[in-house]
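*Asks:* Please find model_30.cif (mmCIF, C-alpha atoms) on the next line:
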data_protein
#
loop_
_atom_site.label_atom_id
_atom_site.label_comp_id
_atom_site.auth_asym_id
_atom_site.auth_seq_id
_atom_site.Cartn_x
_atom_site.Cartn_y
_atom_site.Cartn_z
CA MET C 1 63.70 84.55 16.44
CA PRO C 2 64.96 80.96 16.43
CA SER C 3 67.61 81.54 19.11
CA ARG C 4 65.20 83.22 21.52
CA LEU C 5 62.56 80.55 20.93
CA LEU C 6 65.07 77.80 21.63
CA ALA C 7 66.22 79.59 24.78
CA LEU C 8 62.64 79.86 26.02
CA VAL C 9 61.95 76.19 25.38
CA VAL C 10 65.15 75.17 27.18
CA PHE C 11 64.24 77.45 30.10
CA ALA C 12 60.79 75.87 30.30
CA GLY C 13 62.24 72.38 30.38
CA LEU C 14 64.74 73.27 33.10
CA CYS C 15 62.15 75.18 35.09
CA THR C 16 59.55 72.45 35.04
CA SER C 17 62.06 69.75 35.79
CA ALA C 18 63.48 71.68 38.73
CA ALA C 19 60.70 73.61 40.46
CA ALA C 20 51.77 78.62 34.17
CA GLN C 21 49.50 81.41 31.86
CA HIS C 22 51.44 82.91 34.79
CA GLY C 23 49.65 80.83 37.37
CA PRO C 24 46.15 81.92 38.10
CA PRO C 25 44.14 83.85 36.96
CA VAL C 26 44.05 81.93 33.69
CA PRO C 27 44.67 78.17 34.19
CA ARG C 28 44.29 76.11 31.03
CA THR C 29 44.27 72.52 32.27
CA PRO C 30 42.71 70.66 35.22
CA ASP C 31 44.68 69.25 38.13
CA GLU C 32 47.21 66.47 37.55
CA GLU C 33 47.98 67.35 33.95
CA GLY C 34 48.41 64.04 32.22
CA GLY C 35 48.00 62.06 35.44
CA ALA C 36 45.95 58.92 35.83
CA PRO C 37 42.27 59.52 36.69
CA ALA C 38 41.26 59.04 40.29
CA ALA C 39 39.19 55.95 41.02
CA SER C 40 36.79 57.94 43.19
CA ARG C 41 35.17 60.00 40.42
CA PRO C 42 31.91 58.20 39.55
CA ARG C 43 30.15 61.26 38.19
CA PRO C 44 30.98 64.23 35.94
CA GLU C 45 32.67 67.18 37.59
CA ALA C 46 33.18 70.76 36.43
CA SER C 47 35.42 73.64 37.40
CA LEU C 48 34.72 77.26 36.42
CA PHE C 49 37.44 79.91 36.65
CA LEU C 50 37.08 83.71 36.34
CA GLY C 51 40.10 85.98 36.47
CA LEU C 52 41.49 89.47 35.91
CA GLN C 53 45.15 90.34 35.43
CA HIS C 54 46.99 93.61 34.78
CA ASP C 55 50.56 93.99 33.53
CA PHE C 56 51.80 97.46 34.43
CA ALA C 57 53.47 99.56 31.74
CA SER C 58 56.97 98.51 30.73
CA GLU C 59 59.27 100.01 28.12
CA PHE C 60 60.79 98.29 25.09
CA ASP C 61 64.53 97.70 24.81
CA ASP C 62 64.95 98.47 21.11
CA ALA C 63 61.95 100.65 20.31
CA ALA C 64 60.32 103.79 21.62
CA GLY C 65 57.36 103.68 23.97
CA ASP C 66 55.86 101.21 26.42
CA VAL C 67 52.81 98.99 26.80
CA ALA C 68 50.44 98.00 29.61
CA ILE C 69 48.18 94.94 29.30
CA THR C 70 44.87 94.08 30.95
CA ARG C 71 43.52 90.55 30.55
CA VAL C 72 40.14 89.10 31.52
CA GLY C 73 39.78 85.32 31.31
CA ALA C 74 37.13 82.67 31.88
CA GLY C 75 37.62 78.92 31.68
CA LEU C 76 35.45 75.84 32.18
CA ASP C 77 36.83 72.30 32.58
CA VAL C 78 34.43 69.35 32.54
CA SER C 79 35.64 65.90 33.60
CA ILE C 80 33.51 63.02 32.27
CA PRO C 81 34.42 59.58 33.69
CA LEU C 82 33.78 56.56 31.50
CA ASP C 83 34.57 54.17 34.34
CA ASP C 84 36.92 54.11 37.32
CA ARG C 85 39.98 54.08 35.01
CA GLN C 86 39.05 56.30 32.07
CA ARG C 87 37.77 59.81 31.59
CA PHE C 88 37.44 62.63 29.09
CA VAL C 89 38.26 66.22 30.05
CA VAL C 90 36.71 68.98 27.95
CA ALA C 91 38.26 72.43 28.44
CA PHE C 92 36.79 75.74 27.25
CA PHE C 93 38.64 79.03 27.59
CA ASN C 94 38.09 82.64 26.53
CA GLU C 95 40.41 85.59 27.10
CA PHE C 96 40.19 89.29 26.29
CA SER C 97 43.44 91.29 26.27
CA ASN C 98 43.76 95.05 25.97
CA TYR C 99 47.21 96.28 24.92
CA GLU C 100 47.55 99.95 25.81
CA PHE C 101 50.53 101.55 24.04
CA ASP C 102 51.69 105.07 24.68
CA ASP C 103 51.61 107.60 21.83
CA ALA C 104 55.34 107.28 21.08
CA THR C 105 55.43 103.53 20.50
CA ALA C 106 57.27 102.52 17.34
CA ILE C 107 57.12 98.82 16.39
CA ALA C 108 57.49 97.39 12.89
CA GLY C 109 57.66 100.87 11.42
CA THR C 110 54.38 101.98 12.96
CA THR C 111 53.65 104.91 15.24
CA GLY C 112 50.97 105.03 17.92
CA GLU C 113 49.11 101.77 18.57
CA PRO C 114 50.17 98.84 16.34
CA TRP C 115 47.30 96.78 17.84
CA ASP C 116 44.81 97.11 20.71
CA ASP C 117 42.16 94.56 21.73
CA VAL C 118 42.73 90.83 21.25
CA LEU C 119 40.35 87.89 21.74
CA GLU C 120 41.22 84.22 22.23
CA HIS C 121 38.88 81.21 22.17
CA TYR C 122 40.13 77.73 23.08
CA LEU C 123 38.53 74.28 23.04
CA GLY C 124 40.40 71.13 24.04
CA VAL C 125 39.44 67.49 24.63
CA THR C 126 41.76 65.10 26.48
CA TYR C 127 41.36 61.37 27.07
CA ARG C 128 43.05 59.92 30.17
CA SER C 129 43.32 56.30 31.21
CA ARG C 130 44.91 54.44 34.09
CA VAL C 131 46.08 51.31 32.33
CA SER C 132 47.39 49.74 35.55
CA ASP C 133 47.86 50.60 39.21
CA HIS C 134 50.99 52.57 38.32
CA TRP C 135 50.82 53.54 34.64
CA GLY C 136 48.61 56.06 32.87
CA VAL C 137 48.31 57.49 29.36
CA PHE C 138 46.74 60.63 27.94
CA ALA C 139 46.00 62.02 24.47
CA GLY C 140 44.14 65.12 23.33
CA ALA C 141 43.33 67.58 20.59
CA SER C 142 42.55 71.28 20.61
CA VAL C 143 41.57 74.23 18.46
CA ASP C 144 42.42 77.85 19.22
CA ALA C 145 41.42 81.14 17.56
CA SER C 146 43.29 84.28 18.59
CA TYR C 147 42.85 87.59 16.82
CA GLN C 148 42.54 91.35 17.05
CA THR C 149 38.83 92.01 17.52
CA SER C 150 38.20 93.02 13.89
CA ALA C 151 40.56 90.50 12.25
CA ASP C 152 39.38 87.55 10.18
CA PHE C 153 38.37 84.63 12.42
CA GLY C 154 39.10 81.93 9.84
CA ASP C 155 42.67 83.15 9.35
CA SER C 156 43.28 83.16 13.12
CA THR C 157 42.80 79.46 13.91
CA THR C 158 45.44 76.92 14.95
CA PHE C 159 45.14 73.23 15.81
CA GLY C 160 47.06 71.18 18.33
CA GLY C 161 47.43 67.76 19.89
CA GLN C 162 49.22 66.14 22.80
CA VAL C 163 50.11 62.61 23.85
CA GLY C 164 52.05 61.16 26.75
CA GLY C 165 52.30 58.75 29.64
CA THR C 166 52.69 58.83 33.42
CA TYR C 167 54.04 56.58 36.15
CA SER C 168 52.85 56.70 39.77
CA PRO C 169 55.05 54.65 42.14
CA ASN C 170 52.67 55.56 44.98
CA ASP C 171 49.71 57.82 45.69
CA LYS C 172 51.96 60.83 46.41
CA VAL C 173 54.08 60.96 43.24
CA THR C 174 53.20 61.04 39.54
CA LEU C 175 55.92 61.41 36.90
CA GLY C 176 55.47 61.56 33.17
CA LEU C 177 56.35 63.02 29.79
CA GLY C 178 54.15 64.47 27.10
CA ILE C 179 54.63 65.92 23.62
CA LEU C 180 52.68 68.92 22.37
CA VAL C 181 52.27 69.55 18.62
CA SER C 182 50.57 72.67 17.27
CA THR C 183 50.16 74.53 14.02
CA ARG C 184 51.05 78.24 14.06
CA LEU C 185 49.95 81.37 12.27
CA GLU C 186 52.22 81.89 9.25
CA ASP C 187 54.96 79.68 10.74
CA ASP C 188 56.16 76.09 11.00
CA VAL C 189 54.49 73.47 13.18
CA PHE C 190 55.52 73.74 16.83
CA VAL C 191 56.68 70.60 18.70
CA ILE C 192 57.72 70.64 22.36
CA PRO C 193 58.08 67.95 25.03
CA PHE C 194 56.82 68.74 28.51
CA PRO C 195 57.44 66.96 31.81
CA VAL C 196 54.63 65.94 34.17
CA VAL C 197 55.42 66.04 37.88
CA ASN C 198 52.86 65.92 40.70
CA TRP C 199 54.49 65.39 44.09
CA THR C 200 52.75 65.61 47.44
CA ILE C 201 55.82 66.19 49.58
CA SER C 202 53.96 66.36 52.90
CA ASP C 203 50.64 67.49 54.32
CA ARG C 204 51.76 71.09 53.79
CA TRP C 205 54.11 71.02 50.79
CA SER C 206 53.57 69.98 47.17
CA PHE C 207 55.20 70.46 43.79
CA HIS C 208 53.77 70.15 40.30
CA THR C 209 54.44 71.00 36.66
CA GLY C 210 52.23 71.13 33.61
CA ARG C 211 50.84 73.13 30.74
CA SER C 212 50.04 76.80 31.16
CA HIS C 213 48.74 79.35 28.68
CA GLY C 214 48.65 78.10 25.09
CA ARG C 215 51.98 76.46 24.28
CA GLY C 216 53.45 77.46 27.64
CA LEU C 217 54.73 75.47 30.59
CA ARG C 218 54.65 76.22 34.30
CA ALA C 219 55.95 74.78 37.58
CA GLU C 220 54.83 75.58 41.13
CA VAL C 221 55.84 74.71 44.66
CA ALA C 222 52.95 75.16 47.11
CA PHE C 223 52.78 75.51 50.88
CA THR C 224 49.68 75.33 53.11
CA PRO C 225 50.42 77.14 56.39
CA ILE C 226 46.80 76.77 57.55
CA GLU C 227 44.04 74.65 56.08
CA PRO C 228 42.12 77.31 54.05
CA LEU C 229 45.25 79.11 52.73
CA THR C 230 47.73 77.90 50.11
CA LEU C 231 50.74 79.88 48.92
CA ALA C 232 52.40 78.93 45.63
CA LEU C 233 55.60 80.19 44.03
CA GLY C 234 55.66 79.50 40.31
CA ALA C 235 57.60 80.19 37.13
CA GLY C 236 57.35 79.19 33.51
CA VAL C 237 56.88 80.30 29.93
CA GLU C 238 53.79 81.78 28.25
CA ALA C 239 53.22 81.89 24.50
CA ARG C 240 50.54 83.84 22.68
CA GLU C 241 50.15 84.65 19.01
CA PHE C 242 47.31 86.45 17.26
CA ARG C 243 46.19 87.73 13.88
CA LEU C 244 46.01 91.49 13.24
CA GLU C 245 43.15 93.24 11.45
CA ASP C 246 43.36 93.84 7.71
CA THR C 247 42.72 97.58 8.02
CA GLY C 248 45.40 98.28 10.63
CA PRO C 249 49.00 99.46 10.26
CA ILE C 250 50.17 95.84 9.74
CA PRO C 251 47.36 94.33 7.60
CA ASP C 252 46.69 90.66 8.39
CA GLY C 253 50.00 90.47 10.25
CA VAL C 254 50.82 88.16 13.16
CA VAL C 255 52.11 89.07 16.63
CA ARG C 256 53.90 86.54 18.85
CA ASP C 257 53.95 87.50 22.52
CA TRP C 258 56.44 85.45 24.57
CA ARG C 259 57.09 86.00 28.27
CA VAL C 260 58.67 84.34 31.30
CA PRO C 261 56.53 85.03 34.41
CA VAL C 262 57.57 84.44 38.02
CA SER C 263 54.79 84.90 40.56
CA LEU C 264 53.46 84.28 44.04
CA VAL C 265 49.85 83.11 44.35
CA ALA C 266 47.76 83.15 47.52
CA LYS C 267 44.64 80.95 47.39
CA TRP C 268 41.92 80.90 50.03
CA SER C 269 39.47 77.98 49.93
CA PHE C 270 36.13 78.75 51.53
CA SER C 271 35.10 75.16 50.78
CA LYS C 272 35.81 72.41 48.26
CA GLN C 273 33.44 74.22 45.92
CA VAL C 274 34.63 77.86 46.14
CA SER C 275 38.05 79.50 46.34
CA VAL C 276 39.54 82.91 45.57
CA GLN C 277 43.12 83.79 44.73
CA ALA C 278 45.42 86.77 44.31
CA GLU C 279 48.68 86.87 42.39
CA VAL C 280 51.64 89.23 42.13
CA GLY C 281 54.75 88.76 40.05
CA ALA C 282 56.90 89.93 37.18
CA ASP C 283 57.56 88.98 33.59
CA VAL C 284 61.33 88.70 33.81
CA PHE C 285 61.57 88.30 30.03
CA THR C 286 59.21 89.63 27.34
CA ASN C 287 59.51 89.48 23.57
CA TYR C 288 57.28 90.58 20.70
CA THR C 289 57.83 89.31 17.17
CA VAL C 290 55.77 90.92 14.41
CA ASP C 291 55.35 89.22 11.01
CA ASP C 292 53.55 90.38 7.89
CA SER C 293 50.69 88.40 6.33
CA ALA C 294 53.17 86.16 4.49
CA GLY C 295 55.16 85.28 7.62
CA ASN C 296 58.10 87.61 6.92
CA GLU C 297 59.53 89.08 10.11
CA LEU C 298 59.03 92.85 10.39
CA ASP C 299 60.31 93.41 13.92
CA ASP C 300 61.66 91.59 16.96
CA VAL C 301 61.47 93.65 20.15
CA ASP C 302 62.35 92.76 23.74
CA GLY C 303 60.60 94.41 26.65
CA ASN C 304 61.83 95.33 30.09
CA ALA C 305 60.62 93.39 33.14
CA ALA C 306 56.92 94.02 33.75
CA VAL C 307 55.21 93.81 37.13
CA PHE C 308 51.72 92.26 37.12
CA ALA C 309 48.91 91.55 39.57
CA GLY C 310 45.78 89.44 39.28
CA ILE C 311 42.72 88.14 41.09
CA GLY C 312 40.46 85.19 40.39
CA ALA C 313 37.80 82.83 41.67
CA THR C 314 37.23 79.10 41.10
CA PHE C 315 33.91 77.27 41.45
CA ASN C 316 33.85 73.46 41.52
CA PHE C 317 30.69 71.48 40.81
#
Would you kindly transcribe this structure into structure tokens?

*Replies:*
Amino acid sequence: MPSRLLALVVFAGLCTSAAAQHGPPVPRTPDEEGGAPAASRPRPEASLFLGLQHDFASEFDDAAGDVAITRVGAGLDVSIPLDDRQRFVVAFFNEFSNYEFDDATAIAGTTGEPWDDVLEHYLGVTYRSRVSDHWGVFAGASVDASYQTSADFGDSTTFGGQVGGTYSPNDKVTLGLGILVSTRLEDDVFVIPFPVVNWTISDRWSFHTGRSHGRGLRAEVAFTPIEPLTLALGAGVEAREFRLEDTGPIPDGVVRDWRVPVSLVAKWSFSKQVSVQAEVGADVFTNYTVDDSAGNELDDVDGNAAVFAGIGATFNF
């Protein structure tokens, strides 16, 4: 689906320049994606996130049936400062997704459930440095395994890297550009630029862009009406792909799940260490591409808009 993929990438670039995994409940990167490290971080810090999200059933445009999705995610980011200008960020992430098809679903010539439970494991390491009072650089590498629960783990692994730079004219604005490169399952290497924007507009308003789930991008504008509560309106692109089991209806095949989520997130901070959040929104565009084990496309199906809701909690240490 070259045309759809290009359209999604263009949308992501426009969206992030103008205004995540979905936002919460599954963030993939720490604050200030690509930004220069703060000088006031003399010790390691960690952030643990737990989240649950449910996409309500939505029908397919060009195939019978519908699908509902429930995702449970957990992520841990550890920031390790080398000095007041350099740090490493190690990110761990695990996600379980249950795809619940109705009995009439027909995708890639199958009937019933073409796949069901999917696991994803992610590990990324990013180096960040403030090379001057205004300029910063970042570089990182990652490995990701995503597969139907009984699929082969070794055939489900992809590798990625990112590099970029940032410029901060003052302590309220950080601008930058990064490039993400990633291998894919039974497909060509994926290369996409992504903008970095972190803008503290006022004491109550802020705007930021960055990476979201996997190869996705997200942008959010946030408003703090009262000190413990923050409301954020966000949009972006999410990209998932996973290996299918060898004994299923599409042996060793690959599914690519693309979606464009728009959501409202409400976050309540009990303290600097603990916060909870709730999210509601809709996937305004959804697409599933199914390939066989050799990378030949078997089906390309769009889905109708899907409403989703999620909850999550973050613990900072």

*Asks:* Using only C-alpha atoms for the distances, tell me which of C:Lys272, C:Lys267, C:Arg215, C:Arg243 is nearest to Val290 of chain C.

*Replies:*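 Comparing C:Lys272, C:Lys267, C:Arg215, C:Arg243 against Val290 of chain C, the winner is C:Arg243.
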
*Asks:* Residues picked by the PyMOL selection byres ((chain C and resi 55-63) around 6) here, as a PyMOL selection string?

*Replies:* chain C and resi 54+64-69+106+302-304+306-308

*Asks:* Could you tell me, as an MDAnalysis selection string, exactly which residues end up selected when the PyMOL selection byres ((chain C and resi 98) around 12) is applied to this structure?

*Replies:* chainID C and resid 52:56 67:73 95:97 99:101 113 115:120 147:149

*Asks:* Select, from C:Ile107, C:Leu50, C:Leu231, C:Ala141, the residue with the minimum atom-to-atom distance to Val90 of chain C, counting all atoms listed in the file.

*Replies:* C:Ala141

*Asks:* What would the selection look like, as a PyMOL selection string, if the PyMOL selection byres ((chain C and resi 186-198) around 6) were run on the coordinates I just shared?

*Replies:* chain C and resi 173-185+199+207-210+295

*Asks:* Looking at all atoms listed in the file, which of C:Ala108, C:Leu244, C:Val255, C:Ala266 is the one that sits closest to Leu229 of chain C?

*Replies:* C:Ala266

*Asks:* Just give me the residues with any atom within 10 Å of (42.8, 64.4, 20.4), file coordinates, counting only C-alpha atoms, written as a list in words.

*Replies:*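 Looking at atoms near the point gives Gly124, Val125, Thr126, Tyr127, Phe138, Ala139, Gly140, Ala141, Ser142, Gly160, Gly161, Gln162 and Val163 of chain C.
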
*Asks:* From the options C:Gly165, C:Gly310, C:Gly109, C:Gly253, which residue's atoms come nearest to His134 of chain C, counting all atoms listed in the file?

*Replies:*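 Going through C:Gly165, C:Gly310, C:Gly109, C:Gly253 one by one, the smallest distance to His134 of chain C is for C:Gly165.
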
*Asks:* Closest to Ser79 of chain C among C:Asn287, C:Ser47, C:Ser271, C:Ser202, using all atoms listed in the file?

*Replies:*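 Distance minimum relative to Ser79 of chain C lands on C:Ser47.
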
*Asks:* Tell me which protein, DNA and RNA residues are within 7 Å of Arg218 of chain C, counting all atoms listed in the file, leaving out same-chain ones fewer than 6 positions away, and put them as a count of residues only.

*Replies:* 10
